[in-house]
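File shown here: structure.pdb, holding PDB, C-alpha atoms.
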```pdb
ATOM      1  CA  MET N 754      75.713 161.126 104.465  1.00  0.00           C
ATOM      2  CA  ARG N 755      77.523 160.477 107.706  1.00  0.00           C
ATOM      3  CA  PRO N 756      81.294 160.967 107.708  1.00  0.00           C
ATOM      4  CA  GLU N 757      82.123 157.349 108.716  1.00  0.00           C
ATOM      5  CA  LYS N 758      80.284 155.983 105.617  1.00  0.00           C
ATOM      6  CA  GLN N 759      82.479 158.043 103.268  1.00  0.00           C
ATOM      7  CA  ASN N 760      85.709 156.324 104.385  1.00  0.00           C
ATOM      8  CA  ARG N 761      84.482 152.740 103.884  1.00  0.00           C
ATOM      9  CA  ILE N 762      86.701 150.209 102.168  1.00  0.00           C
ATOM     10  CA  SER N 763      84.998 148.308  99.358  1.00  0.00           C
ATOM     11  CA  VAL N 764      85.053 144.597 100.203  1.00  0.00           C
ATOM     12  CA  ASN N 765      83.873 143.488  96.758  1.00  0.00           C
ATOM     13  CA  PRO N 766      85.233 145.945  94.147  1.00  0.00           C
ATOM     14  CA  PRO N 767      83.721 145.909  90.641  1.00  0.00           C
ATOM     15  CA  GLN N 768      85.272 143.257  88.387  1.00  0.00           C
ATOM     16  CA  GLN N 769      86.803 143.863  84.948  1.00  0.00           C
ATOM     17  CA  GLY N 770      85.599 140.655  83.284  1.00  0.00           C
ATOM     18  CA  LEU N 771      87.498 138.632  80.677  1.00  0.00           C
ATOM     19  CA  SER N 772      87.676 141.300  77.978  1.00  0.00           C
ATOM     20  CA  GLY N 773      91.492 141.693  78.285  1.00  0.00           C
ATOM     21  CA  LEU N 774      92.287 137.970  78.370  1.00  0.00           C
ATOM     22  CA  GLY N 775      93.098 137.690  74.650  1.00  0.00           C
ATOM     23  CA  GLN N 776      95.721 140.421  74.871  1.00  0.00           C
ATOM     24  CA  ALA N 777      97.290 138.832  77.961  1.00  0.00           C
ATOM     25  CA  LEU N 778      97.700 135.445  76.230  1.00  0.00           C
ATOM     26  CA  SER N 779      98.800 136.773  72.835  1.00  0.00           C
ATOM     27  CA  GLY N 780     102.474 137.073  73.872  1.00  0.00           C
ATOM     28  CA  LEU N 781     102.818 133.420  74.988  1.00  0.00           C
ATOM     29  CA  ASP N 782     104.411 130.868  72.647  1.00  0.00           C
ATOM     30  CA  LEU N 783     102.843 127.515  73.555  1.00  0.00           C
ATOM     31  CA  GLY N 784     104.002 125.586  70.471  1.00  0.00           C
ATOM     32  CA  PRO N 785     102.025 122.781  68.798  1.00  0.00           C
ATOM     33  CA  LEU N 786      99.643 120.692  70.894  1.00  0.00           C
ATOM     34  CA  PRO N 787     100.479 117.015  71.519  1.00  0.00           C
ATOM     35  CA  PRO N 788      98.312 114.412  69.765  1.00  0.00           C
ATOM     36  CA  ALA N 789      95.214 113.166  71.627  1.00  0.00           C
ATOM     37  CA  PRO N 790      95.506 109.734  73.257  1.00  0.00           C
ATOM     38  CA  ALA N 791      93.803 106.804  71.539  1.00  0.00           C
ATOM     39  CA  PRO N 792      90.420 105.788  73.002  1.00  0.00           C
ATOM     40  CA  PRO N 793      90.480 102.653  75.174  1.00  0.00           C
ATOM     41  CA  PRO N 794      89.257  99.437  73.531  1.00  0.00           C
ATOM     42  CA  ALA N 795      85.648  98.385  74.157  1.00  0.00           C
ATOM     43  CA  PRO N 796      85.365  95.911  77.052  1.00  0.00           C
ATOM     44  CA  ALA N 797      84.456  92.344  76.195  1.00  0.00           C
ATOM     45  CA  LYS N 798      80.966  91.166  77.108  1.00  0.00           C
ATOM     46  CA  SER N 799      80.816  89.189  80.310  1.00  0.00           C
ATOM     47  CA  ALA N 800      78.205  87.113  82.085  1.00  0.00           C
ATOM     48  CA  ALA N 801      77.267  90.149  84.179  1.00  0.00           C
ATOM     49  CA  ASP N 802      76.074  91.992  81.035  1.00  0.00           C
ATOM     50  CA  GLU N 803      73.380  89.389  80.310  1.00  0.00           C
ATOM     51  CA  PRO N 804      69.783  90.295  81.224  1.00  0.00           C
ATOM     52  CA  VAL N 805      68.870  89.329  84.747  1.00  0.00           C
ATOM     53  CA  LYS N 806      66.295  86.549  84.909  1.00  0.00           C
ATOM     54  CA  PRO N 807      63.842  86.846  87.779  1.00  0.00           C
ATOM     55  CA  ARG N 808      64.396  84.140  90.308  1.00  0.00           C
ATOM     56  CA  LYS N 809      61.599  81.656  90.887  1.00  0.00           C
ATOM     57  CA  LEU N 810      60.382  81.927  94.470  1.00  0.00           C
ATOM     58  CA  GLY N 811      57.323  79.689  94.194  1.00  0.00           C
ATOM     59  CA  ARG N 812      53.574  80.005  93.874  1.00  0.00           C
ATOM     60  CA  VAL N 813      51.278  82.262  95.920  1.00  0.00           C
ATOM     61  CA  VAL N 814      47.506  82.685  95.846  1.00  0.00           C
ATOM     62  CA  LEU N 815      45.521  85.933  95.994  1.00  0.00           C
ATOM     63  CA  ARG N 816      42.116  85.972  97.686  1.00  0.00           C
ATOM     64  CA  ARG N 817      39.613  88.849  98.051  1.00  0.00           C
ATOM     65  CA  GLU N 818      37.942  89.071 101.485  1.00  0.00           C
ATOM     66  CA  THR N 819      35.365  91.364 103.056  1.00  0.00           C
ATOM     67  CA  ALA N 820      34.170  89.213 105.978  1.00  0.00           C
ATOM     68  CA  HIS N 821      34.643  90.647 109.491  1.00  0.00           C
ATOM     69  CA  ARG N 822      36.126  93.848 108.107  1.00  0.00           C
ATOM     70  CA  GLY N 823      33.173  96.220 108.209  1.00  0.00           C
ATOM     71  CA  GLY N 824      32.483  95.801 104.489  1.00  0.00           C
ATOM     72  CA  ARG N 825      36.007  96.858 103.515  1.00  0.00           C
ATOM     73  CA  THR N 826      37.858  94.820 100.912  1.00  0.00           C
ATOM     74  CA  VAL N 827      41.297  93.346 101.514  1.00  0.00           C
ATOM     75  CA  ILE N 828      43.453  91.197  99.280  1.00  0.00           C
ATOM     76  CA  VAL N 829      44.996  88.269 101.157  1.00  0.00           C
ATOM     77  CA  ILE N 830      48.187  86.759  99.750  1.00  0.00           C
ATOM     78  CA  HIS N 831      48.625  83.240 101.125  1.00  0.00           C
ATOM     79  CA  ASP N 832      50.208  79.834 100.451  1.00  0.00           C
ATOM     80  CA  PHE N 833      53.777  81.147 100.515  1.00  0.00           C
ATOM     81  CA  PRO N 834      56.376  78.400 100.013  1.00  0.00           C
ATOM     82  CA  THR N 835      58.266  77.243 103.085  1.00  0.00           C
ATOM     83  CA  ASN N 836      61.569  78.599 101.728  1.00  0.00           C
ATOM     84  CA  VAL N 837      60.250  82.182 102.239  1.00  0.00           C
ATOM     85  CA  THR N 838      61.199  83.015 105.820  1.00  0.00           C
ATOM     86  CA  LEU N 839      59.128  85.229 108.116  1.00  0.00           C
ATOM     87  CA  PRO N 840      61.661  88.120 108.007  1.00  0.00           C
ATOM     88  CA  ALA N 841      61.650  87.903 104.187  1.00  0.00           C
ATOM     89  CA  LEU N 842      57.848  87.934 104.292  1.00  0.00           C
ATOM     90  CA  ASN N 843      57.894  91.072 106.462  1.00  0.00           C
ATOM     91  CA  ASP N 844      60.320  92.768 104.031  1.00  0.00           C
ATOM     92  CA  LEU N 845      58.130  91.757 101.072  1.00  0.00           C
ATOM     93  CA  ALA N 846      55.039  93.174 102.810  1.00  0.00           C
ATOM     94  CA  ARG N 847      56.831  96.464 103.528  1.00  0.00           C
ATOM     95  CA  GLU N 848      57.956  96.812  99.903  1.00  0.00           C
ATOM     96  CA  LEU N 849      54.456  95.913  98.707  1.00  0.00           C
ATOM     97  CA  ARG N 850      52.855  98.535 100.972  1.00  0.00           C
ATOM     98  CA  HIS N 851      55.193 101.207  99.582  1.00  0.00           C
ATOM     99  CA  ALA N 852      54.697 100.110  95.970  1.00  0.00           C
ATOM    100  CA  ILE N 853      50.898  99.943  96.155  1.00  0.00           C
ATOM    101  CA  GLY N 854      50.458 102.922  98.459  1.00  0.00           C
ATOM    102  CA  THR N 855      48.092 101.251 100.912  1.00  0.00           C
ATOM    103  CA  GLY N 856      48.289  99.695 104.338  1.00  0.00           C
ATOM    104  CA  GLY N 857      48.771  96.048 105.048  1.00  0.00           C
ATOM    105  CA  THR N 858      50.013  93.547 107.568  1.00  0.00           C
ATOM    106  CA  VAL N 859      51.522  90.082 107.945  1.00  0.00           C
ATOM    107  CA  ARG N 860      49.470  87.504 109.851  1.00  0.00           C
ATOM    108  CA  GLU N 861      50.454  83.828 110.191  1.00  0.00           C
ATOM    109  CA  ARG N 862      52.446  83.643 106.920  1.00  0.00           C
ATOM    110  CA  THR N 863      49.827  85.609 104.959  1.00  0.00           C
ATOM    111  CA  ILE N 864      49.949  89.217 103.819  1.00  0.00           C
ATOM    112  CA  GLU N 865      46.751  91.261 104.026  1.00  0.00           C
ATOM    113  CA  MET N 866      46.701  94.372 101.813  1.00  0.00           C
ATOM    114  CA  GLN N 867      43.998  97.007 102.239  1.00  0.00           C
ATOM    115  CA  GLY N 868      41.951  98.026  99.222  1.00  0.00           C
ATOM    116  CA  ASP N 869      40.827  96.237  96.094  1.00  0.00           C
ATOM    117  CA  GLN N 870      43.937  96.413  93.909  1.00  0.00           C
ATOM    118  CA  PRO N 871      44.687  92.830  92.832  1.00  0.00           C
ATOM    119  CA  ALA N 872      46.223  93.846  89.475  1.00  0.00           C
ATOM    120  CA  LYS N 873      48.896  96.003  91.121  1.00  0.00           C
ATOM    121  CA  ILE N 874      49.613  93.329  93.729  1.00  0.00           C
ATOM    122  CA  ARG N 875      49.849  90.622  91.060  1.00  0.00           C
ATOM    123  CA  ALA N 876      52.268  92.725  88.956  1.00  0.00           C
ATOM    124  CA  PHE N 877      54.477  93.455  91.980  1.00  0.00           C
ATOM    125  CA  LEU N 878      54.643  89.802  93.050  1.00  0.00           C
ATOM    126  CA  GLU N 879      55.414  88.622  89.516  1.00  0.00           C
ATOM    127  CA  ARG N 880      58.284  91.143  89.294  1.00  0.00           C
ATOM    128  CA  ALA N 881      59.538  89.808  92.629  1.00  0.00           C
ATOM    129  CA  GLY N 882      59.684  86.290  91.151  1.00  0.00           C
ATOM    130  CA  PHE N 883      56.474  84.628  92.364  1.00  0.00           C
ATOM    131  CA  GLN N 884      53.996  82.735  90.261  1.00  0.00           C
ATOM    132  CA  VAL N 885      50.623  84.259  91.164  1.00  0.00           C
ATOM    133  CA  ALA N 886      47.264  82.479  91.104  1.00  0.00           C
ATOM    134  CA  GLY N 887      43.865  83.545  92.367  1.00  0.00           C
ATOM    135  CA  VAL N 888      41.911  86.800  92.027  1.00  0.00           C
ATOM    136  CA  THR N 889      41.839  88.125  88.471  1.00  0.00           C
TER     137      THR N 889
END
```

Would you mind writing the file's structure down as structure tokens?
Amino acid sequence: MRPEKQNRISVNPPQQGLSGLGQALSGLDLGPLPPAPAPPPAPAKSAADEPVKPRKLGRVVLRRETAHRGGRTVIVIHDFPTNVTLPALNDLARELRHAIGTGGTVRERTIEMQGDQPAKIRAFLERAGFQVAGVT
């Protein structure tokens, strides 16, 4: 071994552990423990605790199309109510694309979803608060 390695200072010396902790605390007189505080009373039920009812956004219609798409199937969601704005429609389409796991687009107040998955689309729209008619 080289001479400079013999004179090293240990940065992390071996630890003793907690084996001597009982002896160190045995000489302390802590006295009796104070009583535990009473638990807080249960909060009263409020209107916020009631189950959330899905809001009614209106009726939409699903339609299966293959025309002018190279034989590929798309599900078209149309007849959105006028109270659904175009930015809300874009947000709904984005959430639907993520939930279904396929591509899709918004064209002239309709949403076109790639693939033949009307059951998943119907379930998503019903959870969002729409009444769904059309493809079964």

Query raised in the report: Within 9 Å of region 832-844 of chain N, counting all atoms listed in the file, which residues qualify if same-chain residues fewer than 5 places away don't, as a list in words?
Result: Leu810, Gly811, Arg812, Val813, Val814, Leu815, Leu849, Thr858, Val859, Arg862, Thr863 and Ile864 of chain N

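Distance annotation: of N:Ile828, N:Val885, N:Gly773, N:Glu879, the residue with the minimal separation from Gly856 (chain N) is N:Ile828; atom set is all atoms listed in the file.
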
Query - Chain and number of each residue from the PyMOL selection byres ((chain N and resi 818) around 12), as an MDAnalysis selection string - result: chainID N and resid 815:817 819:830 865:869 871 888

Just to be explicit: take each residue in the selection above, keep C-alpha atoms, and write the result as a CSV table (one decimal), keeping the file's coordinate frame.
```csv
chain,number,residue,atom,x,y,z
N,815,LEU,CA,45.5,85.9,96.0
N,816,ARG,CA,42.1,86.0,97.7
N,817,ARG,CA,39.6,88.8,98.1
N,819,THR,CA,35.4,91.4,103.1
N,820,ALA,CA,34.2,89.2,106.0
N,821,HIS,CA,34.6,90.6,109.5
N,822,ARG,CA,36.1,93.8,108.1
N,823,GLY,CA,33.2,96.2,108.2
N,824,GLY,CA,32.5,95.8,104.5
N,825,ARG,CA,36.0,96.9,103.5
N,826,THR,CA,37.9,94.8,100.9
N,827,VAL,CA,41.3,93.3,101.5
N,828,ILE,CA,43.5,91.2,99.3
N,829,VAL,CA,45.0,88.3,101.2
N,830,ILE,CA,48.2,86.8,99.8
N,865,GLU,CA,46.8,91.3,104.0
N,866,MET,CA,46.7,94.4,101.8
N,867,GLN,CA,44.0,97.0,102.2
N,868,GLY,CA,42.0,98.0,99.2
N,869,ASP,CA,40.8,96.2,96.1
N,871,PRO,CA,44.7,92.8,92.8
N,888,VAL,CA,41.9,86.8,92.0
```

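Atom pair CA of Ile874 (chain N) / CA of Ile853 (chain N) has a distance of 7.2 Å (rounded to one decimal).
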
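One distance worth recording is that between CA of Leu786 (chain N) and CA of Leu771 (chain N), which is 23.8 Å.
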
Expected axis-aligned box over every listed atom of region 847-851 of chain N, 8 Å added per side, centre plus edges in Å to one decimal, as AutoDock Vina command-line options:
```
--center_x 55.4 --center_y 98.6 --center_z 101.1 --size_x 21.1 --size_y 21.3 --size_z 20.8
```

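Atom pair CA of Gly857 (chain N) / CA of His831 (chain N) has a distance of 13.4 Å (rounded to one decimal).
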
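Residue neighbourhood of Gly882 (chain N), excluding near-sequence residues (fewer than 4 positions): Pro807, Arg808, Lys809, Leu810 and Leu878 of chain N, at 7 Å, using all atoms listed in the file.
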
Would you fill out region 785-797 of chain N with N, CA and C atoms and return it as a PDB file, keeping the file's coordinate frame?
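The file below, selection-v9.pdb, is the result:
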```pdb
ATOM      1  N   PRO N 785     103.116 123.658  69.259  1.00  0.00           N
ATOM      2  CA  PRO N 785     102.025 122.781  68.798  1.00  0.00           C
ATOM      3  C   PRO N 785     101.521 121.905  69.951  1.00  0.00           C
ATOM      4  N   LEU N 786     100.249 121.551  69.874  1.00  0.00           N
ATOM      5  CA  LEU N 786      99.643 120.692  70.894  1.00  0.00           C
ATOM      6  C   LEU N 786     100.019 119.236  70.648  1.00  0.00           C
ATOM      7  N   PRO N 787     100.182 118.434  71.710  1.00  0.00           N
ATOM      8  CA  PRO N 787     100.479 117.015  71.519  1.00  0.00           C
ATOM      9  C   PRO N 787      99.244 116.288  70.981  1.00  0.00           C
ATOM     10  N   PRO N 788      99.465 115.144  70.310  1.00  0.00           N
ATOM     11  CA  PRO N 788      98.312 114.412  69.765  1.00  0.00           C
ATOM     12  C   PRO N 788      97.450 113.854  70.906  1.00  0.00           C
ATOM     13  N   ALA N 789      96.153 113.705  70.629  1.00  0.00           N
ATOM     14  CA  ALA N 789      95.214 113.166  71.627  1.00  0.00           C
ATOM     15  C   ALA N 789      95.471 111.673  71.825  1.00  0.00           C
ATOM     16  N   PRO N 790      95.302 111.170  73.036  1.00  0.00           N
ATOM     17  CA  PRO N 790      95.506 109.734  73.257  1.00  0.00           C
ATOM     18  C   PRO N 790      94.419 108.919  72.565  1.00  0.00           C
ATOM     19  N   ALA N 791      94.752 107.695  72.203  1.00  0.00           N
ATOM     20  CA  ALA N 791      93.803 106.804  71.539  1.00  0.00           C
ATOM     21  C   ALA N 791      92.727 106.380  72.538  1.00  0.00           C
ATOM     22  N   PRO N 792      91.481 106.216  72.078  1.00  0.00           N
ATOM     23  CA  PRO N 792      90.420 105.788  73.002  1.00  0.00           C
ATOM     24  C   PRO N 792      90.667 104.351  73.462  1.00  0.00           C
ATOM     25  N   PRO N 793      90.266 104.016  74.682  1.00  0.00           N
ATOM     26  CA  PRO N 793      90.480 102.653  75.174  1.00  0.00           C
ATOM     27  C   PRO N 793      89.604 101.670  74.401  1.00  0.00           C
ATOM     28  N   PRO N 794      90.052 100.423  74.265  1.00  0.00           N
ATOM     29  CA  PRO N 794      89.257  99.437  73.531  1.00  0.00           C
ATOM     30  C   PRO N 794      87.964  99.122  74.287  1.00  0.00           C
ATOM     31  N   ALA N 795      86.937  98.724  73.544  1.00  0.00           N
ATOM     32  CA  ALA N 795      85.648  98.385  74.157  1.00  0.00           C
ATOM     33  C   ALA N 795      85.816  97.124  75.007  1.00  0.00           C
ATOM     34  N   PRO N 796      85.234  97.096  76.208  1.00  0.00           N
ATOM     35  CA  PRO N 796      85.365  95.911  77.052  1.00  0.00           C
ATOM     36  C   PRO N 796      84.593  94.736  76.458  1.00  0.00           C
ATOM     37  N   ALA N 797      85.108  93.549  76.687  1.00  0.00           N
ATOM     38  CA  ALA N 797      84.456  92.344  76.195  1.00  0.00           C
ATOM     39  C   ALA N 797      83.202  92.083  77.023  1.00  0.00           C
TER      40      ALA N 797
END
```
